[in-house]
Amino acid sequence: MVEVHKVSGAAFDGNVYLVLDKRPVLIDAGMMAGPTLKNIKKFIDPHKIEMIVLTHCHHDHSGAAPELKQATGARLLLSEQEVGAVGDDLASVSYLFGQQAPVYEVDETLMEGMVLDTGEWHLRVMETPGHSQGSICLYEENEKVLFSGDTVFPDGNIGRTDMYGGNTEELVKSIERLVQLDVRTMYPGHMDITDRDVNRQIQMSLRFARSVL
Ligand SMILES: [Zn+2]
């Protein structure tokens with residue numbers, strides 16, 4: 001039985017999820033490594049984490065990536081479309097947080113259709129640009145689980161598209177793909193985890209995104 005724990009601890013951090021499968025994975029890194037590592041240690045030895053997958057390069061999801069990579073020894077994975085943004089203050093929107101862009105080595109680049117086999121789960125990579133050029137979602141078909149990054153949030157909310165690399169038309173197209181999925185549980189990049197009629201919530205996100213086109 002795979003367990004997912006939200007392990008981010010700092011205010012304003014993007015959500016960080018620890019997926020406890022045969023090969024433990026961290027989804028996103030947040031900005032503050034200290035509180036996150038403390039939370040991870042409640043469940044496992046951080047060295048057991050094999051991969052850190054970033055849903056996108058934004059600072060609130062990647063700021064702690066260098067420190068967490070070092071603390072865990074995990075491989076770091078990021079979309080091929082987003083690699084150019086690493087270390088770039090503008091593309092990683094680090095300036096919004098009054099910080100410099102984190103610099104880290106990407107060990108593997110992700111592309112549409114790739115599957116991350118964590119043991120029981122198979123997380124399929126979906127390229128979902130719009131909030132950023134290389135945003136991805138991860139979908140587990142058997143358990144109907146979606147890690148939605150900053151593409152869609154609960155209650156019909158959507159990622160902003162007014163920052164570097166954002167594009168509302170692309171976001172609409174990406175959400176049009178997400179509504180084709182059957183989602184039982186959504187783990188968003190911000191706000192709370194939800195399992196309440198999630199397909200309907202994503203349809204609301206699509207309506208909202210279309211309305212701001
Ligand atoms: Zn973002």
# chains A, B, ... in the order shown; residues from 1 in each chain; ligands from 1
call {"tool": "residues_near_ligand", "arguments": {"ligand": "ligand 1", "cutoff": "10 Å", "atoms": "only C-alpha atoms and all ligand atoms", "output": "MDAnalysis selection string"}}
result
chainID A and resid 14 55:62 92:93 131:132 135 149:151 159:161 163 166 189:190
call {"tool": "residues_around", "arguments": {"residues": "range 22-33 of chain A", "least_positions_apart": "3", "cutoff": "6 Å", "atoms": "only C-alpha atoms", "output": "PyMOL selection string"}}
result
chain A and resi 13-14+16-19+36-37+49-54+60-65+118-119
call {"tool": "write_last_selection", "arguments": {"atoms": "N, CA, C and O atoms", "output": "compact mmCIF listing (two decimals), in the first residue's frame"}}
result
# COMPACT_ATOMS: atom_id res chain seq x y z
N ASP A 13 5.57 27.88 1.17
CA ASP A 13 6.19 26.82 0.38
C ASP A 13 5.16 26.18 -0.54
O ASP A 13 3.99 26.06 -0.17
N GLY A 14 5.62 25.73 -1.70
CA GLY A 14 4.80 24.84 -2.49
C GLY A 14 4.68 23.53 -1.71
O GLY A 14 5.51 23.25 -0.85
N VAL A 16 5.15 19.82 -0.76
CA VAL A 16 6.14 18.78 -1.04
C VAL A 16 5.53 17.46 -0.60
O VAL A 16 5.02 17.35 0.52
N TYR A 17 5.53 16.48 -1.51
CA TYR A 17 4.92 15.19 -1.19
C TYR A 17 5.97 14.09 -1.14
O TYR A 17 6.82 13.98 -2.03
N LEU A 18 5.87 13.29 -0.10
CA LEU A 18 6.72 12.10 0.02
C LEU A 18 5.85 10.90 -0.36
O LEU A 18 4.84 10.63 0.28
N VAL A 19 6.24 10.23 -1.44
CA VAL A 19 5.51 9.05 -1.90
C VAL A 19 6.27 7.83 -1.41
O VAL A 19 7.40 7.57 -1.84
N THR A 36 11.18 20.59 6.02
CA THR A 36 10.79 19.46 5.17
C THR A 36 11.56 18.19 5.57
O THR A 36 10.97 17.12 5.71
N LEU A 37 12.86 18.34 5.79
CA LEU A 37 13.65 17.17 6.20
C LEU A 37 13.18 16.62 7.54
O LEU A 37 13.10 15.41 7.75
N ILE A 49 15.27 8.06 -0.08
CA ILE A 49 14.58 8.70 -1.21
C ILE A 49 15.44 8.55 -2.46
O ILE A 49 16.62 8.90 -2.46
N GLU A 50 14.85 8.00 -3.51
CA GLU A 50 15.64 7.73 -4.73
C GLU A 50 15.53 8.85 -5.77
O GLU A 50 16.44 9.05 -6.55
N MET A 51 14.35 9.52 -5.79
CA MET A 51 14.17 10.56 -6.81
C MET A 51 13.51 11.79 -6.21
O MET A 51 12.64 11.67 -5.34
N ILE A 52 13.91 12.94 -6.71
CA ILE A 52 13.17 14.18 -6.44
C ILE A 52 12.66 14.64 -7.80
O ILE A 52 13.45 14.89 -8.72
N VAL A 53 11.34 14.68 -7.94
CA VAL A 53 10.74 15.10 -9.21
C VAL A 53 10.16 16.49 -9.02
O VAL A 53 9.32 16.69 -8.14
N LEU A 54 10.60 17.43 -9.84
CA LEU A 54 10.05 18.79 -9.73
C LEU A 54 8.93 18.95 -10.77
O LEU A 54 9.11 18.63 -11.94
N ASP A 60 9.25 28.50 -5.31
CA ASP A 60 8.55 27.91 -4.16
C ASP A 60 8.44 26.38 -4.27
O ASP A 60 8.00 25.72 -3.34
N HIS A 61 8.87 25.83 -5.40
CA HIS A 61 8.88 24.37 -5.59
C HIS A 61 10.30 23.81 -5.69
O HIS A 61 10.49 22.61 -5.58
N SER A 62 11.26 24.69 -5.96
CA SER A 62 12.61 24.21 -6.24
C SER A 62 13.70 24.84 -5.37
O SER A 62 14.85 24.41 -5.43
N GLY A 63 13.33 25.86 -4.59
CA GLY A 63 14.35 26.60 -3.81
C GLY A 63 15.21 25.69 -2.94
O GLY A 63 16.41 25.92 -2.79
N ALA A 64 14.57 24.67 -2.36
CA ALA A 64 15.32 23.77 -1.46
C ALA A 64 15.92 22.58 -2.21
O ALA A 64 16.49 21.69 -1.57
N ALA A 65 15.78 22.57 -3.53
CA ALA A 65 16.25 21.41 -4.30
C ALA A 65 17.74 21.10 -4.09
O ALA A 65 18.10 19.94 -3.86
N THR A 118 7.78 3.35 -9.45
CA THR A 118 8.26 3.46 -8.07
C THR A 118 8.04 2.15 -7.30
O THR A 118 8.31 2.09 -6.12
N GLY A 119 7.55 1.14 -7.98
CA GLY A 119 7.30 -0.16 -7.33
C GLY A 119 5.88 -0.57 -7.61
O GLY A 119 5.58 -1.18 -8.64
call {"tool": "closest_residue", "arguments": {"among": "A:Tyr104, A:Tyr139, A:Phe43, A:Phe153", "to": "Val4 in chain A", "atoms": "only C-alpha atoms"}}
result
A:Phe43
call {"tool": "select_by_dssp", "arguments": {"residues": "range 40-183 of chain A", "states": "helix (DSSP H, G or I)", "output": "ChimeraX atom specification"}}
result
/A:40-41,46-48,59-62,65-72,80-85,94-97,154-156,168-178
call {"tool": "write_last_selection", "arguments": {"atoms": "N, CA and C atoms", "output": "compact mmCIF listing (two decimals), in the first residue's frame"}}
result
# COMPACT_ATOMS: atom_id res chain seq x y z
N ILE A 40 10.16 14.64 6.81
CA ILE A 40 10.49 13.38 6.12
C ILE A 40 10.96 12.34 7.14
N LYS A 41 11.78 12.81 8.10
CA LYS A 41 12.36 11.88 9.10
C LYS A 41 11.31 11.24 9.99
N PRO A 46 15.93 10.00 5.15
CA PRO A 46 15.95 10.73 3.87
C PRO A 46 16.85 10.09 2.80
N HIS A 47 17.87 9.35 3.23
CA HIS A 47 18.76 8.69 2.26
C HIS A 47 18.05 7.62 1.44
N LYS A 48 16.87 7.20 1.92
CA LYS A 48 16.13 6.16 1.19
C LYS A 48 15.39 6.75 -0.03
N HIS A 59 10.49 28.96 -7.84
CA HIS A 59 11.27 28.99 -6.60
C HIS A 59 10.59 28.31 -5.42
N ASP A 60 9.25 28.50 -5.31
CA ASP A 60 8.55 27.91 -4.16
C ASP A 60 8.44 26.38 -4.27
N HIS A 61 8.87 25.83 -5.40
CA HIS A 61 8.88 24.37 -5.59
C HIS A 61 10.30 23.81 -5.69
N SER A 62 11.26 24.69 -5.96
CA SER A 62 12.61 24.21 -6.24
C SER A 62 13.70 24.84 -5.37
N ALA A 65 15.78 22.57 -3.53
CA ALA A 65 16.25 21.41 -4.30
C ALA A 65 17.74 21.10 -4.09
N PRO A 66 18.63 22.15 -4.13
CA PRO A 66 20.05 21.82 -3.94
C PRO A 66 20.32 21.13 -2.59
N GLU A 67 19.69 21.69 -1.53
CA GLU A 67 19.93 21.17 -0.18
C GLU A 67 19.32 19.77 0.00
N LEU A 68 18.12 19.59 -0.54
CA LEU A 68 17.46 18.28 -0.39
C LEU A 68 18.16 17.21 -1.21
N LYS A 69 18.68 17.62 -2.36
CA LYS A 69 19.42 16.67 -3.20
C LYS A 69 20.66 16.20 -2.44
N GLN A 70 21.31 17.15 -1.81
CA GLN A 70 22.52 16.81 -1.07
C GLN A 70 22.18 15.94 0.16
N ALA A 71 21.11 16.30 0.85
CA ALA A 71 20.76 15.58 2.07
C ALA A 71 20.26 14.16 1.81
N THR A 72 19.68 13.94 0.63
CA THR A 72 19.09 12.62 0.34
C THR A 72 19.97 11.77 -0.57
N GLU A 80 12.31 18.41 -19.59
CA GLU A 80 13.28 18.87 -20.58
C GLU A 80 13.03 20.33 -20.95
N GLN A 81 11.71 20.70 -20.97
CA GLN A 81 11.31 22.06 -21.36
C GLN A 81 11.69 23.11 -20.30
N GLU A 82 12.08 22.63 -19.11
CA GLU A 82 12.29 23.55 -17.99
C GLU A 82 13.77 23.66 -17.61
N VAL A 83 14.59 22.80 -18.17
CA VAL A 83 15.99 22.74 -17.75
C VAL A 83 16.70 24.08 -17.94
N GLY A 84 16.35 24.78 -19.03
CA GLY A 84 16.99 26.07 -19.31
C GLY A 84 16.69 27.12 -18.26
N ALA A 85 15.66 26.89 -17.46
CA ALA A 85 15.25 27.87 -16.44
C ALA A 85 16.02 27.74 -15.14
N SER A 94 12.39 33.58 -8.89
CA SER A 94 13.04 33.74 -7.58
C SER A 94 12.97 35.18 -7.10
N TYR A 95 12.95 36.12 -8.07
CA TYR A 95 12.89 37.54 -7.72
C TYR A 95 11.64 37.87 -6.91
N LEU A 96 10.55 37.12 -7.17
CA LEU A 96 9.30 37.36 -6.43
C LEU A 96 9.46 37.04 -4.95
N PHE A 97 10.43 36.19 -4.64
CA PHE A 97 10.66 35.79 -3.26
C PHE A 97 11.89 36.50 -2.68
N PRO A 154 -7.52 22.76 -6.18
CA PRO A 154 -8.89 22.40 -5.82
C PRO A 154 -9.90 23.53 -6.07
N ASP A 155 -11.15 23.14 -6.11
CA ASP A 155 -12.28 24.07 -6.21
C ASP A 155 -12.23 24.95 -7.45
N GLY A 156 -11.70 24.40 -8.55
CA GLY A 156 -11.74 25.13 -9.81
C GLY A 156 -10.68 26.19 -9.95
N THR A 168 -1.85 31.51 -21.16
CA THR A 168 -3.20 31.05 -20.80
C THR A 168 -3.75 30.06 -21.83
N GLU A 169 -3.48 30.31 -23.12
CA GLU A 169 -3.97 29.36 -24.14
C GLU A 169 -3.40 27.97 -23.92
N GLU A 170 -2.12 27.93 -23.60
CA GLU A 170 -1.47 26.64 -23.33
C GLU A 170 -2.09 26.00 -22.09
N LEU A 171 -2.37 26.83 -21.09
CA LEU A 171 -2.96 26.29 -19.85
C LEU A 171 -4.31 25.65 -20.13
N VAL A 172 -5.13 26.32 -20.95
CA VAL A 172 -6.44 25.76 -21.31
C VAL A 172 -6.26 24.41 -21.99
N LYS A 173 -5.31 24.35 -22.94
CA LYS A 173 -5.07 23.07 -23.65
C LYS A 173 -4.63 21.99 -22.67
N SER A 174 -3.80 22.37 -21.72
CA SER A 174 -3.32 21.39 -20.74
C SER A 174 -4.47 20.88 -19.88
N ILE A 175 -5.35 21.80 -19.44
CA ILE A 175 -6.46 21.36 -18.57
C ILE A 175 -7.46 20.54 -19.38
N GLU A 176 -7.56 20.85 -20.68
CA GLU A 176 -8.42 20.02 -21.54
C GLU A 176 -7.96 18.57 -21.54
N ARG A 177 -6.66 18.37 -21.38
CA ARG A 177 -6.15 16.99 -21.29
C ARG A 177 -6.44 16.40 -19.90
N LEU A 178 -6.36 17.23 -18.89
CA LEU A 178 -6.59 16.71 -17.53
C LEU A 178 -8.04 16.28 -17.32
call {"tool": "residues_around", "arguments": {"residues": "Ile136 in chain A", "least_positions_apart": "4", "cutoff": "6 Å", "atoms": "only C-alpha atoms", "output": "PyMOL selection string"}}
result
chain A and resi 55+126-128
call {"tool": "write_last_selection", "arguments": {"atoms": "N, CA, C and O atoms", "output": "CSV table (one decimal), in the first residue's frame"}}
result
chain,number,residue,atom,x,y,z
A,55,THR,N,7.8,19.4,-10.3
A,55,THR,CA,6.7,19.7,-11.3
A,55,THR,C,7.0,20.9,-12.2
A,55,THR,O,6.5,20.9,-13.3
A,126,MET,N,2.9,13.9,-17.7
A,126,MET,CA,2.1,14.6,-18.7
A,126,MET,C,2.7,16.1,-18.8
A,126,MET,O,2.8,16.7,-17.8
A,127,GLU,N,3.1,16.5,-20.0
A,127,GLU,CA,3.5,17.8,-20.1
A,127,GLU,C,2.3,18.7,-20.2
A,127,GLU,O,1.4,18.6,-21.0
A,128,THR,N,2.3,19.7,-19.2
A,128,THR,CA,1.1,20.5,-19.1
A,128,THR,C,1.5,22.0,-19.0
A,128,THR,O,1.4,22.6,-17.9
call {"tool": "closest_residue", "arguments": {"among": "A:Gln100, A:Asp195, A:Ala91, A:His122", "to": "Tyr164 in chain A", "atoms": "only C-alpha atoms"}}
result
A:Ala91
call {"tool": "closest_residue", "arguments": {"among": "A:Asn199, A:Ser79, A:Asn157, A:Asn167", "to": "Val125 in chain A", "atoms": "only C-alpha atoms"}}
result
A:Ser79
call {"tool": "closest_residue", "arguments": {"among": "A:Val152, A:Cys137, A:Ala101, A:Val2", "to": "Phe208 in chain A", "atoms": "only C-alpha atoms"}}
result
A:Val152
